[in-house]
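Here is the structure we will look at.
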Amino acid sequence: MSSVTSAELVKRAAALGPKLRERIEQGAAARRVPPETMADLVASGVLKACMPARWGGHELPFGAHTDVAIELSKYCGSTGWVAGIIGSHNWWLGKYHPDAQREVWEGKPNALVAAAFASKPGSKAVKSGDTFIVNGEWQYCSGIDNCDWVSLMSPVPQPSGPPDLVMVLLKRGEYTIKDVWYSPGLRSTGSNNVVVNDLTVAAHRVTRIHELNSKNSPGQALNTGWTFKLPMLDVFGYSVAGPTLGCARATLDSFIASMTGRTALDMTKPTDHPTLQVRIAEASAELDAATALYHGDIAFMNGVAQVDGTLTPLDIGKIKRNCAYVATLSKRAALRLVEATGAGGLLDGSPVYRAHADTLAAAAHRALNWDISGANYGRLLFGGDASPDAELKRRMAAAEAALKK
């Protein structure tokens, strides 16, 4: 087990901050995280926060990777986003079939894995004897250009009823990247599409979502630590909520810096205006509240896993609610600040506007949708169906509908 702490990794992330800021325009122009930045992230070890120790990772509790992502997002939202996502993959790959882990990491501890959960209608993996035939197009695969592998959520048609859902692991060269990511926010994440045509995939590279969302995943044969007992689908949201919070923090920090020492056209100092003081006070309160929700949930879910407990449907609903509310508070804080920047703050290159755009883009992730997560938790409070597999069933129903299109 690594002796590195989460706090140490956050310090390493902060030390990379100045370089990240220097490369923001480079990344925005290329619409992907610069290769120099990815090399710095790999060399620093911050992407291995929750990676299994047997493969060279630090195997820290879930959330160590999001602590890193929050810090990185204060300097470059796109870098923080990609780091948070790849860091989460290094965690849940530890739940995959042992042979899949060996193929990715044995002798290659710095291999990076991207992932996509959304796909276009008709995308699927069809069982063929002991293998699977994969076809389709998967969307919003952040960091794909910088990764060695990709894991794709795929429906597997069944003789009757809804399809099964699996994660299919593919090596670079077995898929093509479709360049589609043109976004005003998180410009450098390279969240492009992945296209697969009639690819035969070995069974050990295919892991059922049901197993990944269970304490008893195939990876338990190798990685018995309690952090790998958390349900992947049910806690993943914080891997994107964390960077969203970091982007909002960047908006606040940039706003304060842009107003400090400034003189307005009427020769007054904006920082003397009570209304502006109230804006930063309220924005900082919202971000402090979001941070408290984040830390509270991370501590709670890790505490449950540590004693070999099980998150109840109400627990899971609350975690998902809080993930979405962290994003909601982040959006509110960022918007309140960008409204007061004046015309100069809206120009290309404005750190305030860029961080605000990154916050909005990050919060657009489905896992952070307040209408969905808020309504679901309200339904649970009113005594609605509390099936432990509610999220999986919803995804299976959606996959069934998509296959019929």
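Convention: chains lettered A, B, ... in structure tokens order; per-chain residue numbering from 1; ligands numbered from 1 as shown.
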
Residues within 12 Å of Ala333 in chain A, only C-alpha atoms, excluding chain neighbours under 3 positions, as a ChimeraX atom specification: /A:244-253,255,278-290,326-330,336-340,352,355-356,359-360

Since we have the selection now, will you write its residues out, keeping N, CA and C atoms, as a tab-separated table (two decimals), in the first residue's frame?
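Output (result29.tsv):
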chain	number	residue	atom	x	y	z
A	244	THR	N	-16.57	20.18	-11.35
A	244	THR	CA	-17.52	21.29	-11.49
A	244	THR	C	-17.33	22.29	-10.36
A	245	LEU	N	-17.19	21.79	-9.16
A	245	LEU	CA	-16.96	22.64	-7.99
A	245	LEU	C	-15.63	23.38	-8.14
A	246	GLY	N	-14.60	22.70	-8.63
A	246	GLY	CA	-13.31	23.35	-8.83
A	246	GLY	C	-13.39	24.48	-9.85
A	247	CYS	N	-14.17	24.28	-10.92
A	247	CYS	CA	-14.35	25.33	-11.94
A	247	CYS	C	-15.05	26.55	-11.35
A	248	ALA	N	-16.03	26.31	-10.47
A	248	ALA	CA	-16.73	27.43	-9.83
A	248	ALA	C	-15.79	28.18	-8.88
A	249	ARG	N	-14.94	27.45	-8.19
A	249	ARG	CA	-13.93	28.09	-7.34
A	249	ARG	C	-13.01	28.97	-8.17
A	250	ALA	N	-12.65	28.47	-9.36
A	250	ALA	CA	-11.80	29.25	-10.26
A	250	ALA	C	-12.51	30.53	-10.69
A	251	THR	N	-13.83	30.46	-10.88
A	251	THR	CA	-14.59	31.65	-11.24
A	251	THR	C	-14.52	32.69	-10.13
A	252	LEU	N	-14.69	32.25	-8.89
A	252	LEU	CA	-14.62	33.17	-7.75
A	252	LEU	C	-13.22	33.76	-7.61
A	253	ASP	N	-12.20	32.92	-7.67
A	253	ASP	CA	-10.82	33.40	-7.52
A	253	ASP	C	-10.47	34.40	-8.62
A	255	PHE	N	-12.58	36.21	-10.40
A	255	PHE	CA	-13.39	37.42	-10.24
A	255	PHE	C	-12.76	38.36	-9.22
A	278	VAL	N	-21.40	41.82	-1.54
A	278	VAL	CA	-22.42	40.83	-1.24
A	278	VAL	C	-22.37	39.68	-2.26
A	279	ARG	N	-22.10	40.02	-3.52
A	279	ARG	CA	-22.02	38.98	-4.54
A	279	ARG	C	-20.94	37.94	-4.21
A	280	ILE	N	-19.75	38.41	-3.87
A	280	ILE	CA	-18.69	37.44	-3.59
A	280	ILE	C	-18.94	36.72	-2.27
A	281	ALA	N	-19.60	37.40	-1.33
A	281	ALA	CA	-19.93	36.74	-0.07
A	281	ALA	C	-20.91	35.60	-0.30
A	282	GLU	N	-21.95	35.88	-1.11
A	282	GLU	CA	-22.96	34.84	-1.36
A	282	GLU	C	-22.39	33.71	-2.21
A	283	ALA	N	-21.60	34.06	-3.21
A	283	ALA	CA	-20.99	33.02	-4.04
A	283	ALA	C	-20.08	32.13	-3.21
A	284	SER	N	-19.29	32.73	-2.33
A	284	SER	CA	-18.39	31.93	-1.50
A	284	SER	C	-19.17	31.06	-0.52
A	285	ALA	N	-20.31	31.56	-0.03
A	285	ALA	CA	-21.15	30.75	0.87
A	285	ALA	C	-21.72	29.55	0.12
A	286	GLU	N	-22.16	29.76	-1.12
A	286	GLU	CA	-22.70	28.65	-1.91
A	286	GLU	C	-21.61	27.59	-2.16
A	287	LEU	N	-20.42	28.04	-2.45
A	287	LEU	CA	-19.34	27.09	-2.73
A	287	LEU	C	-18.89	26.38	-1.45
A	288	ASP	N	-18.92	27.08	-0.33
A	288	ASP	CA	-18.61	26.42	0.95
A	288	ASP	C	-19.67	25.36	1.27
A	289	ALA	N	-20.94	25.68	0.98
A	289	ALA	CA	-22.02	24.72	1.23
A	289	ALA	C	-21.85	23.50	0.32
A	290	ALA	N	-21.51	23.75	-0.94
A	290	ALA	CA	-21.30	22.64	-1.88
A	290	ALA	C	-20.13	21.77	-1.43
A	326	VAL	N	-24.52	20.00	-5.69
A	326	VAL	CA	-23.18	20.60	-5.73
A	326	VAL	C	-23.01	21.35	-7.05
A	327	ALA	N	-23.45	20.73	-8.14
A	327	ALA	CA	-23.35	21.38	-9.45
A	327	ALA	C	-24.28	22.59	-9.53
A	328	THR	N	-25.47	22.48	-8.95
A	328	THR	CA	-26.43	23.59	-8.97
A	328	THR	C	-25.87	24.79	-8.21
A	329	LEU	N	-25.33	24.56	-7.03
A	329	LEU	CA	-24.74	25.66	-6.26
A	329	LEU	C	-23.54	26.25	-6.99
A	330	SER	N	-22.77	25.40	-7.65
A	330	SER	CA	-21.61	25.88	-8.40
A	330	SER	C	-22.05	26.79	-9.54
A	336	ARG	N	-23.62	34.35	-10.73
A	336	ARG	CA	-23.71	35.59	-9.94
A	336	ARG	C	-22.47	36.47	-10.15
A	337	LEU	N	-21.34	35.83	-10.35
A	337	LEU	CA	-20.09	36.58	-10.51
A	337	LEU	C	-19.92	37.08	-11.93
A	338	VAL	N	-20.19	36.24	-12.92
A	338	VAL	CA	-19.96	36.66	-14.30
A	338	VAL	C	-20.92	37.78	-14.69
A	339	GLU	N	-22.08	37.86	-14.04
A	339	GLU	CA	-23.03	38.94	-14.31
A	339	GLU	C	-22.44	40.31	-13.98
A	340	ALA	N	-21.47	40.34	-13.07
A	340	ALA	CA	-20.93	41.62	-12.60
A	340	ALA	C	-19.56	41.95	-13.18
A	352	VAL	N	-12.41	34.87	-15.86
A	352	VAL	CA	-13.71	34.73	-15.20
A	352	VAL	C	-14.70	34.05	-16.14
A	355	ALA	N	-13.81	30.34	-16.80
A	355	ALA	CA	-14.14	29.46	-15.67
A	355	ALA	C	-15.64	29.28	-15.53
A	356	HIS	N	-16.40	30.36	-15.82
A	356	HIS	CA	-17.86	30.27	-15.79
A	356	HIS	C	-18.36	29.31	-16.86
A	359	THR	N	-17.71	25.83	-15.83
A	359	THR	CA	-18.66	25.39	-14.80
A	359	THR	C	-19.97	24.94	-15.42
A	360	LEU	N	-20.50	25.74	-16.36
A	360	LEU	CA	-21.76	25.39	-17.01
A	360	LEU	C	-21.63	24.10	-17.81

Let's see if you can do this: from backbone DSSP, list all strand (DSSP E) residues in range 70-259 of chain A, as a PyMOL selection string. chain A and resi 113-116+118-119+124-128+131-141+149-156+164-171+176-178+192-202+206-208

Return the single residue from A:Asp385, A:Glu391, A:Asp358, A:Glu25 that is closest to Gly80 in chain A, with distances computed using only C-alpha atoms.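 When distances to Gly80 in chain A are compared using only C-alpha atoms, the smallest one comes from A:Asp358.
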
For range 16-74 of chain A versus range 227-232 of chain A, which residues have an atom no more than 8 Å away, and what is each residue's nearest atom pair and distance in Å rounded to one decimal, using only C-alpha atoms, chain-then-number order, as a Markdown table?
| residue | atom | partner | partner_atom | distance |
| --- | --- | --- | --- | --- |
| A:Glu59 | CA | A:Thr227 | CA | 7.9 |
| A:Leu60 | CA | A:Thr227 | CA | 7.7 |
| A:Pro61 | CA | A:Thr227 | CA | 5.6 |
| A:Phe62 | CA | A:Thr227 | CA | 6.2 |

Saved selection, atoms kept: N, CA and C atoms, as a PDB file, in the first residue's frame:
ATOM      1  N   GLU A  59      -4.107   3.384  -4.168  1.00  0.00           N
ATOM      2  CA  GLU A  59      -5.255   2.731  -3.525  1.00  0.00           C
ATOM      3  C   GLU A  59      -5.763   3.525  -2.318  1.00  0.00           C
ATOM      4  N   LEU A  60      -5.961   4.800  -2.519  1.00  0.00           N
ATOM      5  CA  LEU A  60      -6.539   5.652  -1.483  1.00  0.00           C
ATOM      6  C   LEU A  60      -8.062   5.538  -1.523  1.00  0.00           C
ATOM      7  N   PRO A  61      -8.745   5.962  -0.471  1.00  0.00           N
ATOM      8  CA  PRO A  61     -10.207   5.899  -0.470  1.00  0.00           C
ATOM      9  C   PRO A  61     -10.826   6.675  -1.630  1.00  0.00           C
ATOM     10  N   PHE A  62     -11.978   6.219  -2.060  1.00  0.00           N
ATOM     11  CA  PHE A  62     -12.719   6.916  -3.108  1.00  0.00           C
ATOM     12  C   PHE A  62     -12.861   8.386  -2.714  1.00  0.00           C
TER      13      PHE A  62
END

For Lys19 in chain A, please output as a list in words all residues within 12 Å (counting only C-alpha atoms; exclusion window: fewer than 6 positions along the same chain).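 Contacts, with the query itself left out: Ala13, Glu25, Gln26, Gly27, Pro34, Glu36, Thr37, Met38, Ala39, Asp40, Leu41, Leu72, Tyr75, Cys76 and Thr79 of chain A.
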
Judged by only C-alpha atoms, the minimum distance to Pro157 in chain A among A:Thr224, A:Gln101, A:Ser387, A:Ser128 is found for A:Ser128

Just want the 7 Å neighbourhood of Leu170 in chain A, counted on only C-alpha atoms, with same-chain residues fewer than 6 positions away dropped. Output as JSON, numbers by chain. {"A": [149, 150, 151]}

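In this comparison, which uses only C-alpha atoms, the residue of A:Pro162, A:Pro274, A:Gly173, A:Gly77 approaching Gly185 in chain A most closely is A:Gly77.
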
Contact residues around Ala114 in chain A with only C-alpha atoms at 9 Å, ignoring same-chain residues under 6 positions, as number ranges by chain: A: 85-86, 89, 141-152

Using C-alpha atoms, can you export the residues from the last selection as a compact mmCIF listing (two decimals), in the first residue's frame?
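Saved result, selection.txt, follows:
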# COMPACT_ATOMS: atom_id res chain seq x y z
CA ILE A 85 -12.68 11.07 -15.00
CA ILE A 86 -9.50 9.12 -15.76
CA HIS A 89 -11.53 4.81 -14.28
CA CYS A 141 -15.49 10.30 -24.44
CA SER A 142 -13.41 12.86 -22.54
CA GLY A 143 -9.64 12.57 -22.90
CA ILE A 144 -9.89 9.83 -25.52
CA ASP A 145 -7.07 11.27 -27.65
CA ASN A 146 -4.67 10.91 -24.73
CA CYS A 147 -5.65 7.38 -23.68
CA ASP A 148 -4.41 3.87 -24.45
CA TRP A 149 -7.75 2.14 -23.88
CA VAL A 150 -11.45 2.91 -23.79
CA SER A 151 -14.29 1.24 -21.90
CA LEU A 152 -17.75 1.53 -23.47

What's the separation between CA of Asp234 in chain A and CA of Gly57 in chain A, in Å to one decimal place?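 Calculated distance between CA of Asp234 in chain A and CA of Gly57 in chain A is 22.7 Å.
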
A:Thr5, A:Val68, A:Pro35, A:Trp226: which is nearest Gly303 in chain A, counting only C-alpha atoms? A:Trp226

Would you list the contacts of Gly342 in chain A as a PyMOL selection string, taking every protein, DNA or RNA residue within 12 Å and counting only C-alpha atoms, but skipping same-chain residues closer than 5 positions in sequence? chain A and resi 255+258-259+264-265+270+337+347+350+352-353

Those same residues, written as a PDB file, in the first residue's frame with N, CA and C atoms?
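Generated file (again-v8.pdb):
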ATOM      1  N   PHE A 255     -12.580  36.213 -10.401  1.00  0.00           N
ATOM      2  CA  PHE A 255     -13.388  37.424 -10.241  1.00  0.00           C
ATOM      3  C   PHE A 255     -12.761  38.363  -9.216  1.00  0.00           C
ATOM      4  N   SER A 258      -9.732  39.943 -10.678  1.00  0.00           N
ATOM      5  CA  SER A 258     -10.014  40.921 -11.732  1.00  0.00           C
ATOM      6  C   SER A 258     -10.543  42.238 -11.180  1.00  0.00           C
ATOM      7  N   MET A 259     -11.182  42.198 -10.034  1.00  0.00           N
ATOM      8  CA  MET A 259     -11.760  43.412  -9.447  1.00  0.00           C
ATOM      9  C   MET A 259     -10.789  44.125  -8.512  1.00  0.00           C
ATOM     10  N   ALA A 264     -13.251  51.976 -11.865  1.00  0.00           N
ATOM     11  CA  ALA A 264     -14.333  52.025 -12.852  1.00  0.00           C
ATOM     12  C   ALA A 264     -14.311  53.342 -13.617  1.00  0.00           C
ATOM     13  N   LEU A 265     -15.169  53.454 -14.642  1.00  0.00           N
ATOM     14  CA  LEU A 265     -15.221  54.666 -15.458  1.00  0.00           C
ATOM     15  C   LEU A 265     -15.618  55.894 -14.652  1.00  0.00           C
ATOM     16  N   PRO A 270     -14.594  49.325  -7.755  1.00  0.00           N
ATOM     17  CA  PRO A 270     -15.663  48.315  -7.650  1.00  0.00           C
ATOM     18  C   PRO A 270     -15.653  47.567  -6.323  1.00  0.00           C
ATOM     19  N   LEU A 337     -21.339  35.826 -10.346  1.00  0.00           N
ATOM     20  CA  LEU A 337     -20.092  36.576 -10.509  1.00  0.00           C
ATOM     21  C   LEU A 337     -19.918  37.083 -11.930  1.00  0.00           C
ATOM     22  N   LEU A 347     -14.879  39.010 -22.824  1.00  0.00           N
ATOM     23  CA  LEU A 347     -13.991  38.834 -23.959  1.00  0.00           C
ATOM     24  C   LEU A 347     -13.286  37.483 -23.908  1.00  0.00           C
ATOM     25  N   SER A 350     -10.823  35.983 -21.053  1.00  0.00           N
ATOM     26  CA  SER A 350     -11.162  36.395 -19.692  1.00  0.00           C
ATOM     27  C   SER A 350     -11.187  35.173 -18.781  1.00  0.00           C
ATOM     28  N   VAL A 352     -12.410  34.867 -15.860  1.00  0.00           N
ATOM     29  CA  VAL A 352     -13.708  34.730 -15.200  1.00  0.00           C
ATOM     30  C   VAL A 352     -14.699  34.053 -16.144  1.00  0.00           C
ATOM     31  N   TYR A 353     -14.771  34.559 -17.366  1.00  0.00           N
ATOM     32  CA  TYR A 353     -15.741  34.009 -18.303  1.00  0.00           C
ATOM     33  C   TYR A 353     -15.401  32.567 -18.669  1.00  0.00           C
TER      34      TYR A 353
END

For the structure I just gave you, how does DSSP split range 6-132 of chain A - specifically, which residues are alpha helix (DSSP H)? Reply as an MDAnalysis selection string. chainID A and resid 6:22 24:30 35:44 64:73 77:92 98:105

For C-alpha atoms, I'd like the residues from the last selection saved as a JSON list (two decimals), in the first residue's frame.
[["chain", "number", "residue", "atom", "x", "y", "z"],
["A", 6, "SER", "CA", -4.66, 12.51, -0.54],
["A", 7, "ALA", "CA", -3.32, 15.79, 0.85],
["A", 8, "GLU", "CA", 0.08, 15.08, -0.73],
["A", 9, "LEU", "CA", -1.52, 14.44, -4.11],
["A", 10, "VAL", "CA", -3.47, 17.70, -3.87],
["A", 11, "LYS", "CA", -0.18, 19.50, -3.21],
["A", 12, "ARG", "CA", 1.30, 17.88, -6.30],
["A", 13, "ALA", "CA", -1.72, 19.01, -8.31],
["A", 14, "ALA", "CA", -1.33, 22.57, -7.03],
["A", 15, "ALA", "CA", 2.35, 22.55, -7.99],
["A", 16, "LEU", "CA", 1.30, 21.86, -11.59],
["A", 17, "GLY", "CA", -1.09, 24.83, -11.54],
["A", 18, "PRO", "CA", 1.16, 27.49, -13.14],
["A", 19, "LYS", "CA", 1.98, 25.18, -16.07],
["A", 20, "LEU", "CA", -1.71, 24.43, -16.59],
["A", 21, "ARG", "CA", -2.54, 28.13, -16.81],
["A", 22, "GLU", "CA", 0.26, 28.70, -19.31],
["A", 24, "ILE", "CA", -4.85, 26.98, -21.45],
["A", 25, "GLU", "CA", -4.87, 28.64, -24.88],
["A", 26, "GLN", "CA", -2.81, 25.80, -26.37],
["A", 27, "GLY", "CA", -5.37, 23.28, -25.13],
["A", 28, "ALA", "CA", -8.33, 25.38, -26.27],
["A", 29, "ALA", "CA", -6.89, 25.69, -29.78],
["A", 30, "ALA", "CA", -6.25, 21.94, -30.04],
["A", 35, "PRO", "CA", 0.29, 16.13, -24.32],
["A", 36, "GLU", "CA", 2.79, 17.96, -22.10],
["A", 37, "THR", "CA", 0.10, 18.33, -19.46],
["A", 38, "MET", "CA", -0.88, 14.66, -19.65],
["A", 39, "ALA", "CA", 2.80, 13.77, -19.25],
["A", 40, "ASP", "CA", 2.99, 16.00, -16.17],
["A", 41, "LEU", "CA", -0.11, 14.39, -14.67],
["A", 42, "VAL", "CA", 1.28, 10.91, -15.25],
["A", 43, "ALA", "CA", 4.71, 11.82, -13.84],
["A", 44, "SER", "CA", 3.18, 13.36, -10.72],
["A", 64, "ALA", "CA", -8.89, 11.12, -3.36],
["A", 65, "HIS", "CA", -9.10, 11.38, -7.17],
["A", 66, "THR", "CA", -11.82, 14.03, -6.94],
["A", 67, "ASP", "CA", -9.81, 16.04, -4.40],
["A", 68, "VAL", "CA", -7.08, 16.14, -7.06],
["A", 69, "ALA", "CA", -9.57, 17.07, -9.78],
["A", 70, "ILE", "CA", -10.98, 19.96, -7.74],
["A", 71, "GLU", "CA", -7.50, 21.39, -7.25],
["A", 72, "LEU", "CA", -6.51, 21.02, -10.91],
["A", 73, "SER", "CA", -9.80, 22.63, -12.02],
["A", 77, "GLY", "CA", -11.14, 23.27, -15.87],
["A", 78, "SER", "CA", -10.54, 20.92, -18.78],
["A", 79, "THR", "CA", -7.48, 19.36, -17.15],
["A", 80, "GLY", "CA", -9.35, 18.89, -13.89],
["A", 81, "TRP", "CA", -12.29, 17.32, -15.71],
["A", 82, "VAL", "CA", -10.15, 14.81, -17.60],
["A", 83, "ALA", "CA", -8.10, 14.02, -14.49],
["A", 84, "GLY", "CA", -11.23, 13.41, -12.41],
["A", 85, "ILE", "CA", -12.68, 11.07, -15.00],
["A", 86, "ILE", "CA", -9.50, 9.12, -15.76],
["A", 87, "GLY", "CA", -8.83, 8.94, -12.02],
["A", 88, "SER", "CA", -12.24, 7.34, -11.53],
["A", 89, "HIS", "CA", -11.53, 4.81, -14.28],
["A", 90, "ASN", "CA", -8.32, 3.83, -12.50],
["A", 91, "TRP", "CA", -10.56, 3.07, -9.53],
["A", 92, "TRP", "CA", -13.37, 1.13, -11.14],
["A", 98, "PRO", "CA", -8.57, -9.93, -13.38],
["A", 99, "ASP", "CA", -7.41, -10.79, -16.91],
["A", 100, "ALA", "CA", -8.65, -7.41, -18.15],
["A", 101, "GLN", "CA", -6.67, -5.66, -15.43],
["A", 102, "ARG", "CA", -3.57, -7.66, -16.34],
["A", 103, "GLU", "CA", -3.92, -6.80, -20.01],
["A", 104, "VAL", "CA", -4.17, -3.07, -19.28],
["A", 105, "TRP", "CA", -1.70, -2.64, -16.43]]

Between A:Val156, A:Ala397, A:Val240, A:Ile316, which has the minimum distance to Asp297 in chain A (counting only C-alpha atoms)?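 When distances to Asp297 in chain A are compared using only C-alpha atoms, the smallest one comes from A:Ile316.
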